[in-house]
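Participant: My structure file data_29.tsv, TSV, C-alpha atoms, is below:
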```
chain	number	residue	atom	x	y	z
A	7	MET	CA	-133.24	20.63	179.83
A	8	ALA	CA	-136.15	19.13	181.73
A	9	SER	CA	-139.60	19.72	180.27
A	10	LEU	CA	-143.21	18.68	180.74
A	11	ASP	CA	-143.50	17.26	177.23
A	12	THR	CA	-144.99	13.78	177.42
A	13	ALA	CA	-145.66	13.04	173.76
A	14	ARG	CA	-142.19	11.98	172.69
A	15	PRO	CA	-140.77	8.76	174.16
A	16	HIS	CA	-137.34	8.82	175.73
A	17	SER	CA	-135.19	7.11	173.12
A	18	ALA	CA	-131.70	5.76	173.52
A	19	ARG	CA	-128.96	8.07	172.31
A	20	PRO	CA	-125.20	7.72	172.07
A	21	ARG	CA	-123.45	8.42	175.36
A	22	PRO	CA	-120.42	10.65	174.65
A	23	ALA	CA	-117.63	10.69	177.19
A	24	LEU	CA	-117.84	13.30	179.91
A	25	PRO	CA	-115.55	16.31	179.35
A	26	ARG	CA	-112.00	15.87	180.58
A	27	VAL	CA	-112.19	19.13	182.52
A	28	TYR	CA	-115.08	17.74	184.54
A	29	LEU	CA	-113.29	14.47	185.27
A	30	VAL	CA	-110.19	16.34	186.50
A	31	TRP	CA	-112.37	18.53	188.74
A	32	LEU	CA	-114.22	15.47	190.01
A	33	ILE	CA	-111.05	13.57	190.95
A	34	GLY	CA	-109.69	16.58	192.80
A	35	THR	CA	-112.86	17.27	194.77
A	36	ARG	CA	-113.41	13.60	195.65
A	37	ALA	CA	-109.85	13.45	196.98
A	38	SER	CA	-110.69	16.46	199.12
A	39	LEU	CA	-113.85	14.73	200.38
A	40	LEU	CA	-111.76	11.76	201.47
A	41	GLY	CA	-109.44	14.09	203.34
A	42	ASP	CA	-112.42	15.78	205.01
A	43	ALA	CA	-113.84	12.41	206.09
A	44	VAL	CA	-110.47	11.51	207.62
A	45	LEU	CA	-110.31	14.81	209.53
A	46	TYR	CA	-113.94	14.53	210.73
A	47	PHE	CA	-113.16	11.10	212.15
A	48	ALA	CA	-110.04	12.44	213.84
A	49	LEU	CA	-111.91	15.41	215.34
A	50	GLY	CA	-114.69	13.17	216.62
A	51	TRP	CA	-112.20	10.75	218.13
A	52	ALA	CA	-110.24	13.55	219.82
A	53	ALA	CA	-113.46	15.15	221.14
A	54	SER	CA	-114.69	11.84	222.54
A	55	ALA	CA	-111.72	11.82	224.93
A	56	HIS	CA	-113.28	14.84	226.67
A	57	GLY	CA	-116.75	13.29	227.04
A	58	GLY	CA	-120.09	13.41	225.25
A	59	GLY	CA	-120.67	17.09	225.97
A	60	THR	CA	-117.51	18.13	224.18
A	61	GLY	CA	-118.30	15.78	221.31
A	62	ALA	CA	-121.74	17.35	220.88
A	63	LEU	CA	-120.22	20.84	221.12
A	64	VAL	CA	-117.74	20.10	218.33
A	65	LEU	CA	-120.50	18.75	216.07
A	66	THR	CA	-122.65	21.80	216.83
A	67	ALA	CA	-119.71	24.08	216.03
A	68	VAL	CA	-119.70	22.60	212.52
A	69	THR	CA	-123.45	22.51	211.84
A	70	LEU	CA	-124.54	25.82	213.41
A	71	PRO	CA	-122.48	28.28	211.31
A	72	ARG	CA	-123.04	26.15	208.22
A	73	THR	CA	-126.81	26.29	208.68
A	74	LEU	CA	-126.92	30.00	209.54
A	75	LEU	CA	-124.74	31.11	206.63
A	76	LEU	CA	-125.85	28.75	203.84
A	77	LEU	CA	-128.25	31.12	202.07
A	78	LEU	CA	-125.71	33.94	202.24
A	79	GLY	CA	-123.08	31.53	200.89
A	80	GLY	CA	-125.30	30.72	197.92
A	81	ALA	CA	-125.78	34.42	197.15
A	82	VAL	CA	-122.01	34.98	197.29
A	83	GLY	CA	-121.44	32.09	194.89
A	84	ASP	CA	-123.91	33.49	192.35
A	85	ARG	CA	-122.47	36.99	192.68
A	86	PHE	CA	-118.72	36.31	192.52
A	87	GLY	CA	-118.63	32.93	190.76
A	88	ALA	CA	-118.49	29.40	192.15
A	89	ARG	CA	-114.88	28.79	191.11
A	90	LEU	CA	-113.58	31.84	192.97
A	91	VAL	CA	-115.53	30.89	196.09
A	92	MET	CA	-114.14	27.35	195.98
A	93	ILE	CA	-110.55	28.57	195.50
A	94	THR	CA	-110.96	30.90	198.48
A	95	GLY	CA	-112.51	28.17	200.61
A	96	ASP	CA	-109.76	25.68	199.77
A	97	ALA	CA	-107.07	28.26	200.56
A	98	VAL	CA	-108.66	28.95	203.95
A	99	MET	CA	-108.97	25.24	204.77
A	100	LEU	CA	-105.42	24.51	203.60
A	101	THR	CA	-104.17	27.22	205.97
A	102	ALA	CA	-106.38	26.01	208.84
A	103	THR	CA	-105.31	22.37	208.56
A	104	LEU	CA	-101.62	23.31	208.33
A	105	VAL	CA	-101.98	25.50	211.44
A	106	LEU	CA	-103.71	22.60	213.21
A	107	ALA	CA	-100.88	20.27	212.24
A	108	LEU	CA	-98.28	22.74	213.54
A	109	VAL	CA	-99.90	23.75	216.86
A	110	GLY	CA	-101.57	20.42	217.65
A	111	PRO	CA	-98.44	18.67	218.98
A	112	HIS	CA	-97.69	21.62	221.28
A	113	LEU	CA	-101.21	22.43	222.55
A	114	GLY	CA	-102.72	18.98	222.42
A	115	ALA	CA	-106.28	18.22	221.32
A	116	SER	CA	-107.81	20.71	223.75
A	117	PRO	CA	-111.58	21.31	223.52
A	118	TRP	CA	-111.21	24.95	222.53
A	119	LEU	CA	-108.87	24.04	219.66
A	120	LEU	CA	-111.28	21.40	218.38
A	121	VAL	CA	-114.19	23.85	218.57
A	122	MET	CA	-112.23	26.53	216.70
A	123	VAL	CA	-111.37	24.12	213.90
A	124	ALA	CA	-115.00	22.98	213.75
A	125	VAL	CA	-116.23	26.59	213.46
A	126	VAL	CA	-113.83	27.20	210.55
A	127	ILE	CA	-115.04	24.03	208.83
A	128	GLY	CA	-118.72	24.93	209.26
A	129	THR	CA	-118.22	28.50	208.07
A	130	VAL	CA	-116.26	27.47	204.96
A	131	ASP	CA	-118.85	24.76	204.22
A	132	ALA	CA	-121.61	27.37	204.14
A	133	PHE	CA	-119.96	29.04	201.15
A	134	TYR	CA	-118.23	26.01	199.63
A	135	LEU	CA	-121.14	23.56	199.43
A	136	PRO	CA	-123.45	25.77	197.28
A	137	ALA	CA	-120.53	26.61	194.98
A	138	THR	CA	-119.36	23.03	194.46
A	139	GLY	CA	-122.96	21.87	194.02
A	140	SER	CA	-123.37	24.25	191.09
A	141	MET	CA	-120.07	23.46	189.38
A	142	PRO	CA	-121.25	20.46	187.30
A	143	ARG	CA	-123.71	22.75	185.50
A	144	ARG	CA	-120.75	25.00	184.64
A	145	LEU	CA	-118.51	22.16	183.43
A	146	VAL	CA	-120.80	19.88	181.39
A	147	GLY	CA	-123.72	20.34	179.03
A	148	LYS	CA	-127.26	19.85	180.31
A	149	ASP	CA	-127.63	16.63	178.30
A	150	GLN	CA	-124.71	15.08	180.22
A	151	LEU	CA	-125.61	16.55	183.59
A	152	PRO	CA	-127.43	13.49	185.04
A	153	ARG	CA	-124.49	11.18	184.29
A	154	ALA	CA	-122.02	13.73	185.66
A	155	LEU	CA	-123.98	14.09	188.90
A	156	ALA	CA	-124.31	10.32	189.25
A	157	MET	CA	-120.53	9.93	188.96
A	158	GLN	CA	-120.15	12.70	191.54
A	159	GLN	CA	-122.54	10.84	193.84
A	160	ALA	CA	-120.62	7.57	193.46
A	161	GLY	CA	-117.32	9.29	194.16
A	162	GLY	CA	-118.75	10.95	197.27
A	163	GLN	CA	-120.04	7.63	198.61
A	164	ILE	CA	-116.70	5.93	198.02
A	165	ALA	CA	-114.90	8.77	199.82
A	166	SER	CA	-117.30	8.52	202.77
A	167	LEU	CA	-116.96	4.74	202.86
A	168	LEU	CA	-113.16	4.92	202.99
A	169	GLY	CA	-112.94	7.96	205.26
A	170	ALA	CA	-113.54	6.29	208.63
A	171	PRO	CA	-111.13	3.34	208.22
A	172	VAL	CA	-108.41	5.52	206.68
A	173	GLY	CA	-108.95	8.06	209.46
A	174	ALA	CA	-108.68	5.34	212.08
A	175	VAL	CA	-105.36	4.14	210.64
A	176	LEU	CA	-103.95	7.67	210.48
A	177	VAL	CA	-105.11	8.57	213.98
A	178	ALA	CA	-103.59	5.36	215.36
A	179	ALA	CA	-100.31	6.04	213.57
A	180	ALA	CA	-99.93	9.82	213.82
A	181	GLY	CA	-102.84	11.20	215.84
A	182	LEU	CA	-104.81	14.34	214.98
A	183	THR	CA	-101.69	15.89	213.46
A	184	GLY	CA	-101.42	13.11	210.86
A	185	ALA	CA	-105.07	13.51	209.88
A	186	ALA	CA	-104.62	17.29	209.55
A	187	VAL	CA	-101.56	16.85	207.32
A	188	ALA	CA	-103.43	14.37	205.12
A	189	ASP	CA	-106.41	16.72	204.78
A	190	ALA	CA	-104.08	19.62	203.98
A	191	GLY	CA	-102.58	17.53	201.19
A	192	THR	CA	-106.00	16.96	199.62
A	193	PHE	CA	-106.82	20.66	199.85
A	194	ALA	CA	-103.55	21.44	198.08
A	195	ILE	CA	-104.52	19.00	195.30
A	196	VAL	CA	-107.96	20.47	194.73
A	197	LEU	CA	-106.59	24.02	194.93
A	198	VAL	CA	-104.20	23.28	192.06
A	199	VAL	CA	-107.05	21.66	190.13
A	200	LEU	CA	-109.33	24.68	190.60
A	201	VAL	CA	-106.63	27.12	189.51
A	202	CYS	CA	-106.10	25.11	186.31
A	203	VAL	CA	-109.75	24.30	185.55
A	204	ARG	CA	-111.89	26.82	183.69
A	205	PRO	CA	-115.69	26.46	183.42
A	206	ALA	CA	-116.60	25.29	179.93
A	207	PHE	CA	-120.03	26.94	179.93
A	208	ASP	CA	-120.72	30.60	180.60
A	209	VAL	CA	-123.23	31.04	183.40
A	210	GLU	CA	-124.84	34.39	184.02
A	211	ARG	CA	-124.13	35.84	187.46
A	212	SER	CA	-126.60	37.66	189.67
A	213	PRO	CA	-126.80	41.45	189.17
A	214	ARG	CA	-124.08	43.39	190.98
A	215	GLY	CA	-126.63	45.95	192.14
A	216	GLU	CA	-128.52	43.28	194.06
A	217	GLY	CA	-127.66	43.06	197.76
A	218	LEU	CA	-126.44	39.70	199.04
A	219	LEU	CA	-129.24	39.39	201.61
A	220	ALA	CA	-131.82	40.40	199.01
A	221	GLY	CA	-130.32	37.84	196.65
A	222	ALA	CA	-130.59	35.12	199.27
A	223	VAL	CA	-134.26	35.95	199.86
A	224	GLY	CA	-134.83	36.06	196.11
A	225	GLY	CA	-133.58	32.50	195.77
A	226	VAL	CA	-136.08	31.30	198.37
A	227	ARG	CA	-138.87	33.23	196.65
A	228	ILE	CA	-138.16	31.59	193.29
A	229	ALA	CA	-138.13	28.10	194.81
A	230	VAL	CA	-141.39	28.63	196.71
A	231	GLY	CA	-143.15	30.02	193.65
A	232	ASP	CA	-141.93	27.47	191.10
A	233	PRO	CA	-144.37	24.57	190.42
A	234	VAL	CA	-141.49	22.10	189.96
A	235	LEU	CA	-138.96	23.29	192.55
A	236	ARG	CA	-141.49	23.59	195.37
A	237	PRO	CA	-142.55	19.90	195.40
A	238	THR	CA	-138.96	18.89	194.65
A	239	LEU	CA	-137.77	20.58	197.84
A	240	LEU	CA	-140.59	18.93	199.79
A	241	LEU	CA	-139.53	15.50	198.49
A	242	THR	CA	-135.96	16.34	199.45
A	243	ALA	CA	-137.10	17.25	202.96
A	244	ALA	CA	-139.00	13.96	203.24
A	245	ALA	CA	-135.93	11.99	202.14
A	246	ALA	CA	-133.66	13.87	204.55
A	247	GLY	CA	-136.01	13.56	207.51
A	248	LEU	CA	-137.12	9.96	207.01
A	249	LEU	CA	-134.52	8.20	204.86
A	250	LEU	CA	-131.15	9.58	205.97
A	251	PRO	CA	-131.78	8.84	209.68
A	252	VAL	CA	-132.20	5.16	208.79
A	253	VAL	CA	-128.55	5.11	207.75
A	254	SER	CA	-127.02	7.32	210.42
A	255	LEU	CA	-129.28	6.92	213.47
A	256	LEU	CA	-131.47	3.83	213.33
A	257	ASN	CA	-128.90	1.33	212.05
A	258	PRO	CA	-126.91	1.15	215.30
A	259	LEU	CA	-130.10	1.38	217.38
A	260	LEU	CA	-131.65	-1.54	215.49
A	261	ALA	CA	-128.43	-3.52	215.87
A	262	ARG	CA	-128.54	-3.09	219.64
A	263	GLU	CA	-132.26	-3.86	219.79
A	264	HIS	CA	-131.82	-7.10	217.82
A	265	CYS	CA	-128.54	-7.96	219.61
A	266	TRP	CA	-126.65	-8.07	216.32
A	267	GLY	CA	-123.41	-6.51	217.47
A	268	ALA	CA	-121.29	-3.81	215.86
A	269	GLY	CA	-120.07	-6.14	213.08
A	270	VAL	CA	-123.56	-6.71	211.68
A	271	ALA	CA	-124.38	-3.01	211.98
A	272	GLY	CA	-121.26	-2.29	209.94
A	273	LEU	CA	-122.29	-4.82	207.30
A	274	VAL	CA	-125.74	-3.22	206.98
A	275	ALA	CA	-124.19	0.23	206.65
A	276	GLY	CA	-121.76	-1.15	204.07
A	277	GLY	CA	-124.67	-2.69	202.16
A	278	GLN	CA	-126.37	0.69	202.04
A	279	SER	CA	-123.24	2.32	200.67
A	280	LEU	CA	-122.84	-0.50	198.15
A	281	GLY	CA	-126.40	-0.05	196.92
A	282	MET	CA	-125.93	3.69	196.48
A	283	ILE	CA	-122.63	3.31	194.66
A	284	ALA	CA	-124.01	0.62	192.34
A	285	VAL	CA	-127.00	2.71	191.28
A	286	ALA	CA	-124.87	5.83	190.85
A	287	LEU	CA	-122.42	3.95	188.60
A	288	VAL	CA	-125.28	2.57	186.48
A	289	VAL	CA	-126.76	6.06	186.04
A	290	SER	CA	-123.34	7.51	185.23
A	291	ARG	CA	-123.08	4.89	182.47
A	292	ARG	CA	-126.63	4.74	181.10
A	293	GLY	CA	-128.23	7.99	182.25
A	294	THR	CA	-131.39	8.62	184.26
A	295	MET	CA	-134.92	7.46	183.54
A	296	GLY	CA	-136.64	9.41	180.78
A	297	ARG	CA	-139.19	10.76	183.22
A	298	ILE	CA	-136.67	12.12	185.67
A	299	GLY	CA	-139.26	13.24	188.24
A	300	ARG	CA	-140.77	9.77	188.32
A	301	GLY	CA	-137.30	8.30	188.86
A	302	ALA	CA	-136.80	10.42	192.00
A	303	ALA	CA	-140.20	9.45	193.40
A	304	LEU	CA	-139.66	5.77	192.63
A	305	GLY	CA	-136.36	5.91	194.48
A	306	LEU	CA	-138.26	6.74	197.67
A	307	CYS	CA	-140.75	3.93	197.05
A	308	VAL	CA	-137.90	1.44	196.48
A	309	SER	CA	-136.31	2.40	199.80
A	310	ALA	CA	-139.43	1.59	201.84
A	311	PRO	CA	-139.32	-2.24	201.63
A	312	GLY	CA	-135.59	-2.14	202.32
A	313	ILE	CA	-136.17	-0.16	205.53
A	314	THR	CA	-138.89	-2.61	206.55
A	315	ALA	CA	-136.59	-5.57	205.91
A	316	VAL	CA	-133.85	-4.08	208.08
A	317	ALA	CA	-136.35	-3.28	210.84
A	318	LEU	CA	-137.94	-6.74	210.93
A	319	ALA	CA	-134.94	-8.88	209.91
A	320	ASP	CA	-134.36	-12.05	211.91
A	321	THR	CA	-131.10	-12.94	210.19
A	322	THR	CA	-127.96	-11.07	209.18
A	323	ALA	CA	-128.48	-11.88	205.50
A	324	VAL	CA	-131.95	-10.30	205.45
A	325	ALA	CA	-130.67	-7.19	207.25
A	326	VAL	CA	-127.78	-6.73	204.82
A	327	ALA	CA	-130.04	-7.33	201.81
A	328	GLY	CA	-132.45	-4.75	203.19
A	329	GLY	CA	-129.56	-2.33	203.59
A	330	ILE	CA	-128.59	-2.79	199.94
A	331	VAL	CA	-132.19	-2.04	198.87
A	332	VAL	CA	-132.25	1.07	201.07
A	333	GLY	CA	-129.00	2.22	199.47
A	334	ALA	CA	-130.27	1.51	195.96
A	335	GLY	CA	-133.42	3.53	196.58
A	336	SER	CA	-131.43	6.36	198.14
A	337	GLY	CA	-129.06	6.38	195.19
A	338	MET	CA	-131.92	6.36	192.72
A	339	PHE	CA	-133.52	9.34	194.46
A	340	ALA	CA	-130.25	11.31	194.69
A	341	CYS	CA	-129.24	10.65	191.06
A	342	HIS	CA	-132.58	11.95	189.80
A	343	ILE	CA	-133.28	14.80	192.20
A	344	GLY	CA	-129.91	16.50	191.55
A	345	PRO	CA	-130.30	17.05	187.79
A	346	LEU	CA	-134.02	17.74	188.28
A	347	VAL	CA	-133.10	20.76	190.40
A	348	LEU	CA	-130.11	21.97	188.35
A	349	THR	CA	-132.01	21.90	185.05
A	350	ASN	CA	-135.01	23.84	186.38
A	351	ILE	CA	-133.39	26.92	187.85
A	352	PRO	CA	-132.10	30.13	186.23
A	353	ASP	CA	-128.35	30.35	185.68
A	354	THR	CA	-128.27	33.36	188.01
A	355	HIS	CA	-129.52	31.24	190.94
A	356	LEU	CA	-127.43	28.05	190.71
A	357	ALA	CA	-125.50	28.41	193.96
A	358	ARG	CA	-128.48	29.86	195.84
A	359	MET	CA	-130.66	26.91	194.95
A	360	GLN	CA	-127.94	24.49	196.00
A	361	ALA	CA	-127.71	26.36	199.30
A	362	LEU	CA	-131.47	26.06	199.78
A	363	LEU	CA	-131.32	22.36	198.95
A	364	VAL	CA	-128.62	21.76	201.58
A	365	LEU	CA	-130.50	23.91	204.12
A	366	VAL	CA	-133.74	21.97	203.60
A	367	GLN	CA	-131.85	18.70	204.05
A	368	SER	CA	-130.08	19.92	207.18
A	369	LEU	CA	-133.21	21.22	208.90
A	370	ALA	CA	-135.24	18.13	208.02
A	371	LEU	CA	-132.43	15.89	209.24
A	372	VAL	CA	-132.25	17.72	212.57
A	373	VAL	CA	-136.02	17.37	213.07
A	374	GLY	CA	-136.05	13.76	211.87
A	375	ASN	CA	-133.15	12.65	214.04
A	376	ASN	CA	-134.60	14.15	217.19
A	377	ALA	CA	-138.15	12.94	216.56
A	378	LEU	CA	-137.05	9.42	215.68
A	379	GLY	CA	-134.66	9.34	218.60
A	380	ALA	CA	-137.48	10.25	220.98
A	381	LEU	CA	-139.77	7.65	219.37
A	382	THR	CA	-137.06	5.02	219.74
A	383	ASP	CA	-136.65	5.80	223.43
A	384	ALA	CA	-140.41	5.52	223.94
A	385	GLN	CA	-141.39	2.62	221.64
A	386	GLY	CA	-138.23	1.05	220.24
A	387	ALA	CA	-136.13	1.35	217.09
A	388	THR	CA	-138.23	-1.17	215.13
A	389	LEU	CA	-141.35	1.00	215.29
A	390	ALA	CA	-139.30	4.10	214.41
A	391	ALA	CA	-137.93	2.33	211.33
A	392	VAL	CA	-141.40	1.19	210.26
A	393	VAL	CA	-142.62	4.80	210.58
A	394	CYS	CA	-139.75	5.84	208.30
A	395	ALA	CA	-140.71	3.15	205.77
A	396	VAL	CA	-144.35	4.27	205.70
A	397	GLY	CA	-143.41	7.95	205.48
A	398	VAL	CA	-140.87	7.46	202.71
A	399	CYS	CA	-143.30	5.33	200.70
A	400	ALA	CA	-146.06	7.93	201.14
A	401	ALA	CA	-143.72	10.70	199.97
A	402	GLY	CA	-142.78	8.65	196.91
A	403	ILE	CA	-146.43	8.02	196.05
A	404	VAL	CA	-147.19	11.73	196.38
A	405	GLY	CA	-144.32	12.43	194.00
A	406	LEU	CA	-145.72	9.95	191.49
A	407	VAL	CA	-149.15	11.58	191.70
A	408	LEU	CA	-148.08	15.22	191.42
A	409	LYS	CA	-148.16	16.24	187.74
A	410	PRO	CA	-145.21	18.68	187.86
A	411	ILE	CA	-143.02	15.82	189.14
A	412	ARG	CA	-144.29	12.71	187.35
A	413	ARG	CA	-144.55	14.39	183.93
A	414	LEU	CA	-141.10	15.95	184.03
A	415	ARG	CA	-138.79	14.68	181.31
A	416	GLN	CA	-135.05	14.86	180.79
A	417	GLU	CA	-134.34	16.19	177.30
```
Could you render the structure as structure tokens?
Facilitator:
Amino acid sequence: MASLDTARPHSARPRPALPRVYLVWLIGTRASLLGDAVLYFALGWAASAHGGGTGALVLTAVTLPRTLLLLLGGAVGDRFGARLVMITGDAVMLTATLVLALVGPHLGASPWLLVMVAVVIGTVDAFYLPATGSMPRRLVGKDQLPRALAMQQAGGQIASLLGAPVGAVLVAAAGLTGAAVADAGTFAIVLVVLVCVRPAFDVERSPRGEGLLAGAVGGVRIAVGDPVLRPTLLLTAAAAGLLLPVVSLLNPLLAREHCWGAGVAGLVAGGQSLGMIAVALVVSRRGTMGRIGRGAALGLCVSAPGITAVALADTTAVAVAGGIVVGAGSGMFACHIGPLVLTNIPDTHLARMQALLVLVQSLALVVGNNALGALTDAQGATLAAVVCAVGVCAAGIVGLVLKPIRRLRQE
């Protein structure tokens, strides 16, 4: 467990293999993530045929119910158990994707059908994401949690990296129906895995007498009042609002501003993914830094020069190298912030805190994307990227200065 003890140095210890039950769960869920990435690409491609308004509506139909229901989803996970929530969510999504595969050829990719599917995805995500985020704590011991989360991070990045090209191939070959069938197959895999897997560690559930809405509010109250969780959530918001838009929003805008072309933009994005995967694999092998809070803050500081390099690059090589640094810093932050949160919350609030973490990221990302988009329109993408670099570096320095963060150790 994380502590504020600073007297004992972090010594090297043997690294036992992660439990087999966790590895089986991880493979199943990463396969499902790949299927989701394929379906998201297919939905976006189908929506684009109806114009930008329909595309935005489909995206909103995913994000709006997910954002509105996240805290309730966390309370449900803590009340009824993460595994049961995940089994239910997978069963619903398996049914939805099979229905889409059956009716799609007859109805076509009409806007209303795409919006309905998007609403189902967003609603299930609101309950599924907090549950799956808390599962590593239920499957591995706290001493192995950082390595387990790093492997989860690497698997997620690989699934995201492969999702778009695999989705493009499936859509070209079999259309939206093919993507739906592929996603249904991955949901069937993870459903079988969840039925077979049993949590290895007993985790106390929230009291049955506590209302779900009261439980959701209680999770927020604990996070706001905790001297470690409060600054941790603020660092997460800074990363989501200033670091994530560099990958998703500013990369293509910088490419157009520098006349790089789509190929270079793709290389920079690939470099970012490569950096994140590399760091996650190293942490999954060797573990986190001894001072886990310092590791998260340093990850933000490492990202800043990478963002600056991408923004000011005059050659493709410099831009790609900057992208790798951005990815490495992002991976370093993610691999340290995850176990920092999971080891500093009560067992009764695991899913609720994961829900709050996702909600903070989502809201900060919405604000960051819109603010940076407006700044780009007014002053250019280069200035927007430099603002991100300065902001991310400042957030990292604040994290290094704050005692509850910089003194936190991983036992």
Participant: Which of these, A:Leu113, A:Val68, A:Leu250, A:Leu100, has the shortest distance to Ala190 (chain A) once you count all atoms listed in the file?
Facilitator: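 Ranked by minimum distance to Ala190 (chain A), first place goes to A:Leu100.
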Participant: Per residue of region 113-185 of chain A within 12 Å of region 86-96 of chain A, record the nearest atom pair and its distance in Å to one decimal, counting only C-alpha atoms, with rows in chain order and ascending residue number, as JSON lines.
Facilitator:
```
{"residue": "A:Val126", "atom": "CA", "partner": "A:Gly95", "partner_atom": "CA", "distance": 10.1}
{"residue": "A:Ile127", "atom": "CA", "partner": "A:Gly95", "partner_atom": "CA", "distance": 9.5}
{"residue": "A:Gly128", "atom": "CA", "partner": "A:Gly95", "partner_atom": "CA", "distance": 11.1}
{"residue": "A:Thr129", "atom": "CA", "partner": "A:Gly95", "partner_atom": "CA", "distance": 9.4}
{"residue": "A:Val130", "atom": "CA", "partner": "A:Gly95", "partner_atom": "CA", "distance": 5.8}
{"residue": "A:Asp131", "atom": "CA", "partner": "A:Gly95", "partner_atom": "CA", "distance": 8.1}
{"residue": "A:Ala132", "atom": "CA", "partner": "A:Gly95", "partner_atom": "CA", "distance": 9.8}
{"residue": "A:Phe133", "atom": "CA", "partner": "A:Val91", "partner_atom": "CA", "distance": 7.0}
{"residue": "A:Tyr134", "atom": "CA", "partner": "A:Met92", "partner_atom": "CA", "distance": 5.6}
{"residue": "A:Leu135", "atom": "CA", "partner": "A:Met92", "partner_atom": "CA", "distance": 8.7}
{"residue": "A:Pro136", "atom": "CA", "partner": "A:Ala88", "partner_atom": "CA", "distance": 8.0}
{"residue": "A:Ala137", "atom": "CA", "partner": "A:Ala88", "partner_atom": "CA", "distance": 4.5}
{"residue": "A:Thr138", "atom": "CA", "partner": "A:Ala88", "partner_atom": "CA", "distance": 6.8}
{"residue": "A:Gly139", "atom": "CA", "partner": "A:Ala88", "partner_atom": "CA", "distance": 9.0}
{"residue": "A:Ser140", "atom": "CA", "partner": "A:Ala88", "partner_atom": "CA", "distance": 7.2}
{"residue": "A:Met141", "atom": "CA", "partner": "A:Ala88", "partner_atom": "CA", "distance": 6.7}
{"residue": "A:Pro142", "atom": "CA", "partner": "A:Ala88", "partner_atom": "CA", "distance": 10.5}
{"residue": "A:Arg143", "atom": "CA", "partner": "A:Ala88", "partner_atom": "CA", "distance": 10.8}
{"residue": "A:Arg144", "atom": "CA", "partner": "A:Ala88", "partner_atom": "CA", "distance": 9.0}
{"residue": "A:Leu145", "atom": "CA", "partner": "A:Arg89", "partner_atom": "CA", "distance": 10.8}
```
Participant: Can you tell me how far CA of Ala390 (chain A) sits from CA of Leu259 (chain A), in Å to one decimal?
Facilitator: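 Pair CA of Ala390 (chain A) / CA of Leu259 (chain A) returns 10.0 Å.
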Participant: So, counting all atoms listed in the file, which residue among A:Thr354, A:Ser336, A:Ser279, A:Asn376 is closest to Gln163 (chain A)?
Facilitator: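 Once distances to Gln163 (chain A) are computed over all atoms listed in the file, the minimum belongs to A:Ser279.
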Participant: In Å, rounded to a single decimal, give me how far CA of Val252 (chain A) is from CA of Ala391 (chain A).
Facilitator: 6.9 Å
Participant: So what do you get for CA of Leu248 (chain A) versus CA of Ala261 (chain A), distance-wise?
Facilitator: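 The value is 18.3 Å.
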Participant: Would you be able to write out as a list in words which residues have an atom within 9 Å of (-131.6, -4.0, 205.5) in the file's coordinates, counting all atoms listed in the file?
Facilitator: Asn257, Val274, Ala275, Gly277, Gln278, Pro311, Gly312, Ile313, Thr314, Ala315, Val316, Ala317, Leu318, Ala319, Thr322, Ala323, Val324, Ala325, Val326, Ala327, Gly328, Gly329, Ile330, Val331 and Val332 of chain A
Participant: Considering all atoms listed in the file, return as a ChimeraX atom specification whatever protein or nucleic-acid residues lie within 12 Å of Leu235 (chain A), sequence-local ones (same chain, fewer than 4 positions apart) excluded.
Facilitator: /A:8,225-231,239-242,299,343-352,359-360,362-363,410-411,414
Participant: Using all atoms listed in the file, pick whichever of A:Ala154, A:Cys399, A:Val187, A:Leu381 has the shortest atom-to-atom distance to Ala302 (chain A).
Facilitator: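 That would be A:Cys399, the residue with the smallest distance to Ala302 (chain A).
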Participant: In terms of the shortest atom-to-atom distance over all atoms listed in the file, which of A:Val308, A:Cys341, A:Leu155, A:Ala334 is closest to Leu29 (chain A)?
Facilitator: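 Using all atoms listed in the file, Leu29 (chain A) sits closest to A:Leu155.
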Participant: Could you please give me, as JSON, numbers by chain, the residues of protein, DNA or RNA lying at most 12 Å from (-104.2, 26.2, 213.8) in the coordinate frame of the file, considering all atoms listed in the file?
Facilitator: {"A": [98, 99, 100, 101, 102, 103, 104, 105, 106, 107, 108, 109, 110, 111, 112, 113, 114, 115, 116, 118, 119, 120, 121, 122, 123, 124, 126, 182, 183, 186, 187, 190]}
Participant: Fewer than 5 positions away in the same chain doesn't count, so skip those; otherwise give me all residues within 8 Å of Gly34 (chain A), counting all atoms listed in the file, as number ranges by chain.
Facilitator: A: 192, 195-196, 199
Participant: Just C-alpha atoms for this one: save the residues we selected as a PDB file, in the frame of the given file.
Facilitator:
```
ATOM      1  CA  THR A 192    -106.000  16.960 199.620  1.00  0.00           C
ATOM      2  CA  ILE A 195    -104.520  19.000 195.300  1.00  0.00           C
ATOM      3  CA  VAL A 196    -107.960  20.470 194.730  1.00  0.00           C
ATOM      4  CA  VAL A 199    -107.050  21.660 190.130  1.00  0.00           C
TER       5      VAL A 199
END
```
